>>> print(open('start-v7.txt').read())   # compact mmCIF, N, CA and C atoms and all ligand atoms
# COMPACT_ATOMS: atom_id res chain seq x y z
N MET U 145 107.14 81.90 112.80
CA MET U 145 106.05 82.85 113.11
C MET U 145 105.22 83.10 111.85
N PRO U 146 103.93 82.97 111.96
CA PRO U 146 103.09 83.18 110.78
C PRO U 146 103.10 84.64 110.32
N THR U 147 102.92 84.81 109.05
CA THR U 147 102.87 86.15 108.49
C THR U 147 101.45 86.45 108.04
N TYR U 148 100.99 87.62 108.40
CA TYR U 148 99.63 88.01 108.02
C TYR U 148 99.69 89.20 107.07
N GLU U 149 98.80 89.17 106.11
CA GLU U 149 98.76 90.26 105.16
C GLU U 149 97.65 91.23 105.52
N TYR U 150 97.97 92.49 105.48
CA TYR U 150 96.99 93.52 105.78
C TYR U 150 96.90 94.51 104.64
N LEU U 151 95.74 95.14 104.55
CA LEU U 151 95.53 96.16 103.53
C LEU U 151 95.07 97.44 104.22
N CYS U 152 95.73 98.53 103.90
CA CYS U 152 95.38 99.81 104.51
C CYS U 152 94.19 100.42 103.77
N ASN U 153 93.18 100.80 104.54
CA ASN U 153 91.99 101.39 103.92
C ASN U 153 92.20 102.84 103.51
N ASP U 154 93.23 103.44 104.05
CA ASP U 154 93.47 104.85 103.73
C ASP U 154 94.29 105.03 102.46
N CYS U 155 95.42 104.33 102.37
CA CYS U 155 96.28 104.53 101.21
C CYS U 155 96.38 103.29 100.34
N LYS U 156 95.62 102.25 100.71
CA LYS U 156 95.58 101.01 99.93
C LYS U 156 96.92 100.28 99.88
N GLU U 157 97.75 100.59 100.85
CA GLU U 157 99.03 99.89 100.91
C GLU U 157 98.81 98.48 101.44
N LYS U 158 99.47 97.54 100.82
CA LYS U 158 99.38 96.16 101.27
C LYS U 158 100.70 95.81 101.93
N PHE U 159 100.61 95.25 103.12
CA PHE U 159 101.84 94.93 103.82
C PHE U 159 101.68 93.66 104.63
N GLU U 160 102.81 93.09 104.99
CA GLU U 160 102.80 91.85 105.76
C GLU U 160 103.40 92.07 107.14
N ILE U 161 102.77 91.44 108.10
CA ILE U 161 103.22 91.58 109.48
C ILE U 161 103.42 90.20 110.09
N GLU U 162 104.51 90.04 110.77
CA GLU U 162 104.74 88.79 111.49
C GLU U 162 104.17 88.94 112.88
N MET U 163 103.34 87.99 113.26
CA MET U 163 102.68 88.08 114.56
C MET U 163 102.47 86.69 115.11
N THR U 164 102.69 86.54 116.38
CA THR U 164 102.41 85.24 116.98
C THR U 164 100.91 85.11 117.19
N LEU U 165 100.44 83.87 117.35
CA LEU U 165 99.02 83.65 117.57
C LEU U 165 98.57 84.34 118.86
N ALA U 166 99.44 84.31 119.84
CA ALA U 166 99.14 84.94 121.13
C ALA U 166 98.92 86.44 120.94
N GLU U 167 99.78 87.03 120.14
CA GLU U 167 99.64 88.47 119.88
C GLU U 167 98.34 88.76 119.14
N LYS U 168 98.04 87.89 118.19
CA LYS U 168 96.85 88.09 117.39
C LYS U 168 95.60 87.97 118.25
N ASP U 169 95.65 87.03 119.21
CA ASP U 169 94.51 86.80 120.09
C ASP U 169 94.17 88.01 120.95
N THR U 170 95.14 88.86 121.18
CA THR U 170 94.88 90.03 121.99
C THR U 170 94.14 91.09 121.19
N GLY U 171 93.92 90.81 119.92
CA GLY U 171 93.21 91.78 119.08
C GLY U 171 94.12 92.89 118.59
N LYS U 172 95.38 92.66 118.73
CA LYS U 172 96.36 93.65 118.30
C LYS U 172 96.27 93.89 116.79
N LYS U 173 96.28 95.16 116.45
CA LYS U 173 96.23 95.51 115.03
C LYS U 173 97.44 96.34 114.67
N PRO U 174 98.05 95.99 113.57
CA PRO U 174 99.21 96.78 113.15
C PRO U 174 98.77 98.10 112.54
N SER U 175 99.68 99.02 112.41
CA SER U 175 99.36 100.25 111.72
C SER U 175 100.09 100.26 110.39
N CYS U 176 99.56 100.99 109.47
CA CYS U 176 100.11 101.06 108.13
C CYS U 176 101.54 101.62 108.17
N PRO U 177 102.46 100.91 107.54
CA PRO U 177 103.86 101.37 107.56
C PRO U 177 104.06 102.62 106.71
N LYS U 178 103.08 102.89 105.87
CA LYS U 178 103.22 104.01 104.95
C LYS U 178 102.62 105.30 105.50
N CYS U 179 101.34 105.22 105.93
CA CYS U 179 100.67 106.44 106.39
C CYS U 179 100.32 106.38 107.88
N LYS U 180 100.74 105.30 108.54
CA LYS U 180 100.52 105.13 109.99
C LYS U 180 99.06 105.01 110.38
N SER U 181 98.21 104.78 109.41
CA SER U 181 96.79 104.65 109.71
C SER U 181 96.51 103.34 110.44
N LYS U 182 95.50 103.38 111.29
CA LYS U 182 95.10 102.15 111.99
C LYS U 182 93.93 101.49 111.27
N LYS U 183 93.50 102.10 110.20
CA LYS U 183 92.38 101.53 109.45
C LYS U 183 92.88 100.46 108.50
N VAL U 184 93.33 99.37 109.10
CA VAL U 184 93.83 98.29 108.27
C VAL U 184 92.94 97.07 108.42
N VAL U 185 92.82 96.31 107.37
CA VAL U 185 92.02 95.09 107.42
C VAL U 185 92.92 93.91 107.03
N GLN U 186 92.66 92.82 107.66
CA GLN U 186 93.46 91.65 107.32
C GLN U 186 92.98 91.04 106.02
N VAL U 187 93.94 90.68 105.18
CA VAL U 187 93.60 89.99 103.94
C VAL U 187 93.58 88.51 104.27
N LEU U 188 92.38 87.95 104.30
CA LEU U 188 92.23 86.56 104.72
C LEU U 188 92.68 85.59 103.63
N GLY U 189 93.09 84.43 104.09
CA GLY U 189 93.49 83.40 103.14
C GLY U 189 94.88 83.60 102.58
N ASN U 190 95.61 84.52 103.17
CA ASN U 190 96.94 84.79 102.66
C ASN U 190 98.04 84.54 103.69
N VAL U 191 97.74 83.68 104.63
CA VAL U 191 98.77 83.36 105.60
C VAL U 191 99.86 82.57 104.88
N ASN U 192 101.06 83.04 105.03
CA ASN U 192 102.17 82.42 104.32
C ASN U 192 102.69 81.19 105.04
N VAL U 193 102.26 80.05 104.58
CA VAL U 193 102.79 78.81 105.11
C VAL U 193 103.48 78.10 103.95
N ILE U 194 104.72 77.81 104.16
CA ILE U 194 105.48 77.21 103.07
C ILE U 194 104.87 75.87 102.67
N GLY U 195 104.64 75.70 101.41
CA GLY U 195 104.10 74.44 100.92
C GLY U 195 102.60 74.48 100.71
N SER U 196 101.94 75.48 101.29
CA SER U 196 100.50 75.56 101.10
C SER U 196 100.20 76.45 99.91
N LYS U 197 99.06 76.19 99.33
CA LYS U 197 98.67 76.93 98.15
C LYS U 197 97.94 78.20 98.54
N ARG U 198 98.26 79.26 97.86
CA ARG U 198 97.55 80.50 98.11
C ARG U 198 96.18 80.43 97.46
N GLU U 199 95.17 80.80 98.22
CA GLU U 199 93.84 80.72 97.66
C GLU U 199 93.24 82.09 97.41
N SER U 200 94.04 83.09 97.54
CA SER U 200 93.52 84.43 97.28
C SER U 200 93.19 84.56 95.80
N SER U 201 92.16 85.27 95.52
CA SER U 201 91.74 85.40 94.13
C SER U 201 92.19 86.72 93.52
N THR U 202 91.39 87.74 93.73
CA THR U 202 91.72 89.00 93.09
C THR U 202 92.58 89.89 93.97
N PRO U 203 93.69 90.33 93.45
CA PRO U 203 94.52 91.26 94.20
C PRO U 203 93.86 92.63 94.22
N PRO U 204 94.21 93.46 95.18
CA PRO U 204 93.63 94.80 95.23
C PRO U 204 94.01 95.60 93.99
N PRO U 205 93.22 96.61 93.67
CA PRO U 205 93.47 97.40 92.46
C PRO U 205 94.87 97.99 92.38
N SER U 206 95.43 98.26 93.55
CA SER U 206 96.74 98.90 93.55
C SER U 206 97.84 97.91 93.22
N CYS U 207 97.47 96.63 93.23
CA CYS U 207 98.48 95.61 93.04
C CYS U 207 98.76 95.40 91.56
N GLY U 208 100.02 95.38 91.20
CA GLY U 208 100.39 95.16 89.81
C GLY U 208 101.87 94.92 89.70
N PRO U 209 102.35 94.84 88.48
CA PRO U 209 103.78 94.55 88.27
C PRO U 209 104.70 95.55 88.97
N SER U 210 104.19 96.75 89.24
CA SER U 210 105.03 97.76 89.87
C SER U 210 104.88 97.77 91.38
N CYS U 211 104.03 96.90 91.88
CA CYS U 211 103.78 96.86 93.33
C CYS U 211 105.04 96.35 94.05
N PRO U 212 105.60 97.18 94.91
CA PRO U 212 106.85 96.81 95.59
C PRO U 212 106.64 95.84 96.73
N THR U 213 105.41 95.69 97.20
CA THR U 213 105.18 94.87 98.38
C THR U 213 104.63 93.51 98.05
N CYS U 214 104.17 93.33 96.83
CA CYS U 214 103.51 92.07 96.48
C CYS U 214 104.54 91.03 96.03
N PRO U 215 104.62 89.91 96.73
CA PRO U 215 105.60 88.87 96.39
C PRO U 215 105.22 88.12 95.12
N ARG U 216 104.01 88.37 94.68
CA ARG U 216 103.52 87.65 93.51
C ARG U 216 104.33 88.00 92.25
N TYR U 217 104.80 89.26 92.22
CA TYR U 217 105.48 89.67 91.00
C TYR U 217 107.00 89.70 91.15
ZN ZN M 301 98.24 103.46 104.66
>>> encode(input="start-v7.txt", output="structure tokens")
Amino acid sequence: MPTYEYLCNDCKEKFEIEMTLAEKDTGKKPSCPKCKSKKVVQVLGNVNVIGSKRESSTPPPSCGPSCPTCPRY
């Protein structure tokens, strides 16, 4: 199952959600696991496929060595 990365517009939390393509096609949107906000946006280009290169450029400002959700660190 593909994993999609989302960013919460309210608390800037970045999180990953596993969703089937069928589920995604229904326009289903996850809610923020931290503040339960529905104002989340998908971080494009960050679908986790093993073997593929990540093409994301700049991480969000909240992202850093102390970020608990970012697999980069
Ligand atoms: Zn949030």
>>> residues_near_ligand(input="start-v7.txt", ligand="ligand ZN 301 (chain M)", cutoff="6.5 Å", atoms="all atoms listed in the file", output="short mmCIF file (atom, residue, chain, number, x, y, z; two decimals) with N, CA and C atoms, in the frame of the given file")
data_model
loop_
_atom_site.label_atom_id
_atom_site.label_comp_id
_atom_site.auth_asym_id
_atom_site.auth_seq_id
_atom_site.Cartn_x
_atom_site.Cartn_y
_atom_site.Cartn_z
N CYS U 152 95.73 98.53 103.90
CA CYS U 152 95.38 99.81 104.51
C CYS U 152 94.19 100.42 103.77
N ASN U 153 93.18 100.80 104.54
CA ASN U 153 91.99 101.39 103.92
C ASN U 153 92.20 102.84 103.51
N ASP U 154 93.23 103.44 104.05
CA ASP U 154 93.47 104.85 103.73
C ASP U 154 94.29 105.03 102.46
N CYS U 155 95.42 104.33 102.37
CA CYS U 155 96.28 104.53 101.21
C CYS U 155 96.38 103.29 100.34
N LYS U 156 95.62 102.25 100.71
CA LYS U 156 95.58 101.01 99.93
C LYS U 156 96.92 100.28 99.88
N GLU U 157 97.75 100.59 100.85
CA GLU U 157 99.03 99.89 100.91
C GLU U 157 98.81 98.48 101.44
N CYS U 176 99.56 100.99 109.47
CA CYS U 176 100.11 101.06 108.13
C CYS U 176 101.54 101.62 108.17
N PRO U 177 102.46 100.91 107.54
CA PRO U 177 103.86 101.37 107.56
C PRO U 177 104.06 102.62 106.71
N LYS U 178 103.08 102.89 105.87
CA LYS U 178 103.22 104.01 104.95
C LYS U 178 102.62 105.30 105.50
N CYS U 179 101.34 105.22 105.93
CA CYS U 179 100.67 106.44 106.39
C CYS U 179 100.32 106.38 107.88
N LYS U 180 100.74 105.30 108.54
CA LYS U 180 100.52 105.13 109.99
C LYS U 180 99.06 105.01 110.38
N SER U 181 98.21 104.78 109.41
CA SER U 181 96.79 104.65 109.71
C SER U 181 96.51 103.34 110.44
#
>>> closest_residue(input="start-v7.txt", among="U:Pro146, U:Lys158, U:Leu151, U:Glu167", to="Pro212 of chain U", atoms="only C-alpha atoms")
U:Lys158
>>> residues_around(input="start-v7.txt", residues="segment 160-166 of chain U", least_positions_apart="6", cutoff="8 Å", atoms="all atoms listed in the file", output="list in words")
Met145, Pro146, Thr147, Tyr148, Glu149, Tyr150, Leu151, Lys172, Pro174 and Thr213 of chain U
>>> atom_distance(input="start-v7.txt", atom1="atom C of Asp169 of chain U", atom2="atom N of Lys182 of chain U")
18.2 Å
>>> atom_distance(input="start-v7.txt", atom1="atom N of Gly208 of chain U", atom2="atom C of Lys173 of chain U")
23.6 Å
>>> build_atoms(input="start-v7.txt", residues="segment 165-190 of chain U", atoms="N, CA, C and O atoms", output="PDB file, in the coordinates of the input")
ATOM      1  N   LEU U 165     100.440  83.870 117.350  1.00  0.00           N
ATOM      2  CA  LEU U 165      99.020  83.650 117.570  1.00  0.00           C
ATOM      3  C   LEU U 165      98.570  84.340 118.860  1.00  0.00           C
ATOM      4  O   LEU U 165      97.474  84.866 118.962  1.00  0.00           O
ATOM      5  N   ALA U 166      99.440  84.310 119.840  1.00  0.00           N
ATOM      6  CA  ALA U 166      99.140  84.940 121.130  1.00  0.00           C
ATOM      7  C   ALA U 166      98.920  86.440 120.940  1.00  0.00           C
ATOM      8  O   ALA U 166      97.993  87.025 121.501  1.00  0.00           O
ATOM      9  N   GLU U 167      99.780  87.030 120.140  1.00  0.00           N
ATOM     10  CA  GLU U 167      99.640  88.470 119.880  1.00  0.00           C
ATOM     11  C   GLU U 167      98.340  88.760 119.140  1.00  0.00           C
ATOM     12  O   GLU U 167      97.652  89.741 119.407  1.00  0.00           O
ATOM     13  N   LYS U 168      98.040  87.890 118.190  1.00  0.00           N
ATOM     14  CA  LYS U 168      96.850  88.090 117.390  1.00  0.00           C
ATOM     15  C   LYS U 168      95.600  87.970 118.250  1.00  0.00           C
ATOM     16  O   LYS U 168      94.619  88.674 118.059  1.00  0.00           O
ATOM     17  N   ASP U 169      95.650  87.030 119.210  1.00  0.00           N
ATOM     18  CA  ASP U 169      94.510  86.800 120.090  1.00  0.00           C
ATOM     19  C   ASP U 169      94.170  88.010 120.950  1.00  0.00           C
ATOM     20  O   ASP U 169      93.052  88.172 121.412  1.00  0.00           O
ATOM     21  N   THR U 170      95.140  88.860 121.180  1.00  0.00           N
ATOM     22  CA  THR U 170      94.880  90.030 121.990  1.00  0.00           C
ATOM     23  C   THR U 170      94.140  91.090 121.190  1.00  0.00           C
ATOM     24  O   THR U 170      93.778  92.142 121.710  1.00  0.00           O
ATOM     25  N   GLY U 171      93.920  90.810 119.920  1.00  0.00           N
ATOM     26  CA  GLY U 171      93.210  91.780 119.080  1.00  0.00           C
ATOM     27  C   GLY U 171      94.120  92.890 118.590  1.00  0.00           C
ATOM     28  O   GLY U 171      93.677  93.916 118.100  1.00  0.00           O
ATOM     29  N   LYS U 172      95.380  92.660 118.730  1.00  0.00           N
ATOM     30  CA  LYS U 172      96.360  93.650 118.300  1.00  0.00           C
ATOM     31  C   LYS U 172      96.270  93.890 116.790  1.00  0.00           C
ATOM     32  O   LYS U 172      96.189  92.958 116.003  1.00  0.00           O
ATOM     33  N   LYS U 173      96.280  95.160 116.450  1.00  0.00           N
ATOM     34  CA  LYS U 173      96.230  95.510 115.030  1.00  0.00           C
ATOM     35  C   LYS U 173      97.440  96.340 114.670  1.00  0.00           C
ATOM     36  O   LYS U 173      97.795  97.278 115.379  1.00  0.00           O
ATOM     37  N   PRO U 174      98.050  95.990 113.570  1.00  0.00           N
ATOM     38  CA  PRO U 174      99.210  96.780 113.150  1.00  0.00           C
ATOM     39  C   PRO U 174      98.770  98.100 112.540  1.00  0.00           C
ATOM     40  O   PRO U 174      97.597  98.277 112.211  1.00  0.00           O
ATOM     41  N   SER U 175      99.680  99.020 112.410  1.00  0.00           N
ATOM     42  CA  SER U 175      99.360 100.250 111.720  1.00  0.00           C
ATOM     43  C   SER U 175     100.090 100.260 110.390  1.00  0.00           C
ATOM     44  O   SER U 175     101.111  99.597 110.219  1.00  0.00           O
ATOM     45  N   CYS U 176      99.560 100.990 109.470  1.00  0.00           N
ATOM     46  CA  CYS U 176     100.110 101.060 108.130  1.00  0.00           C
ATOM     47  C   CYS U 176     101.540 101.620 108.170  1.00  0.00           C
ATOM     48  O   CYS U 176     101.783 102.656 108.764  1.00  0.00           O
ATOM     49  N   PRO U 177     102.460 100.910 107.540  1.00  0.00           N
ATOM     50  CA  PRO U 177     103.860 101.370 107.560  1.00  0.00           C
ATOM     51  C   PRO U 177     104.060 102.620 106.710  1.00  0.00           C
ATOM     52  O   PRO U 177     105.052 103.308 106.821  1.00  0.00           O
ATOM     53  N   LYS U 178     103.080 102.890 105.870  1.00  0.00           N
ATOM     54  CA  LYS U 178     103.220 104.010 104.950  1.00  0.00           C
ATOM     55  C   LYS U 178     102.620 105.300 105.500  1.00  0.00           C
ATOM     56  O   LYS U 178     103.263 106.330 105.566  1.00  0.00           O
ATOM     57  N   CYS U 179     101.340 105.220 105.930  1.00  0.00           N
ATOM     58  CA  CYS U 179     100.670 106.440 106.390  1.00  0.00           C
ATOM     59  C   CYS U 179     100.320 106.380 107.880  1.00  0.00           C
ATOM     60  O   CYS U 179      99.672 107.271 108.393  1.00  0.00           O
ATOM     61  N   LYS U 180     100.740 105.300 108.540  1.00  0.00           N
ATOM     62  CA  LYS U 180     100.520 105.130 109.990  1.00  0.00           C
ATOM     63  C   LYS U 180      99.060 105.010 110.380  1.00  0.00           C
ATOM     64  O   LYS U 180      98.714 105.136 111.544  1.00  0.00           O
ATOM     65  N   SER U 181      98.210 104.780 109.410  1.00  0.00           N
ATOM     66  CA  SER U 181      96.790 104.650 109.710  1.00  0.00           C
ATOM     67  C   SER U 181      96.510 103.340 110.440  1.00  0.00           C
ATOM     68  O   SER U 181      97.190 102.340 110.249  1.00  0.00           O
ATOM     69  N   LYS U 182      95.500 103.380 111.290  1.00  0.00           N
ATOM     70  CA  LYS U 182      95.100 102.150 111.990  1.00  0.00           C
ATOM     71  C   LYS U 182      93.930 101.490 111.270  1.00  0.00           C
ATOM     72  O   LYS U 182      93.411 100.475 111.706  1.00  0.00           O
ATOM     73  N   LYS U 183      93.500 102.100 110.200  1.00  0.00           N
ATOM     74  CA  LYS U 183      92.380 101.530 109.450  1.00  0.00           C
ATOM     75  C   LYS U 183      92.880 100.460 108.500  1.00  0.00           C
ATOM     76  O   LYS U 183      92.889 100.629 107.284  1.00  0.00           O
ATOM     77  N   VAL U 184      93.330  99.370 109.100  1.00  0.00           N
ATOM     78  CA  VAL U 184      93.830  98.290 108.270  1.00  0.00           C
ATOM     79  C   VAL U 184      92.940  97.070 108.420  1.00  0.00           C
ATOM     80  O   VAL U 184      92.330  96.853 109.463  1.00  0.00           O
ATOM     81  N   VAL U 185      92.820  96.310 107.370  1.00  0.00           N
ATOM     82  CA  VAL U 185      92.020  95.090 107.420  1.00  0.00           C
ATOM     83  C   VAL U 185      92.920  93.910 107.030  1.00  0.00           C
ATOM     84  O   VAL U 185      93.789  94.045 106.167  1.00  0.00           O
ATOM     85  N   GLN U 186      92.660  92.820 107.660  1.00  0.00           N
ATOM     86  CA  GLN U 186      93.460  91.650 107.320  1.00  0.00           C
ATOM     87  C   GLN U 186      92.980  91.040 106.020  1.00  0.00           C
ATOM     88  O   GLN U 186      91.785  90.938 105.756  1.00  0.00           O
ATOM     89  N   VAL U 187      93.940  90.680 105.180  1.00  0.00           N
ATOM     90  CA  VAL U 187      93.600  89.990 103.940  1.00  0.00           C
ATOM     91  C   VAL U 187      93.580  88.510 104.270  1.00  0.00           C
ATOM     92  O   VAL U 187      94.607  87.903 104.535  1.00  0.00           O
ATOM     93  N   LEU U 188      92.380  87.950 104.300  1.00  0.00           N
ATOM     94  CA  LEU U 188      92.230  86.560 104.720  1.00  0.00           C
ATOM     95  C   LEU U 188      92.680  85.590 103.630  1.00  0.00           C
ATOM     96  O   LEU U 188      92.650  85.887 102.451  1.00  0.00           O
ATOM     97  N   GLY U 189      93.090  84.430 104.090  1.00  0.00           N
ATOM     98  CA  GLY U 189      93.490  83.400 103.140  1.00  0.00           C
ATOM     99  C   GLY U 189      94.880  83.600 102.580  1.00  0.00           C
ATOM    100  O   GLY U 189      95.274  82.939 101.648  1.00  0.00           O
ATOM    101  N   ASN U 190      95.610  84.520 103.170  1.00  0.00           N
ATOM    102  CA  ASN U 190      96.940  84.790 102.660  1.00  0.00           C
ATOM    103  C   ASN U 190      98.040  84.540 103.690  1.00  0.00           C
ATOM    104  O   ASN U 190      99.099  85.106 103.619  1.00  0.00           O
TER     105      ASN U 190
END
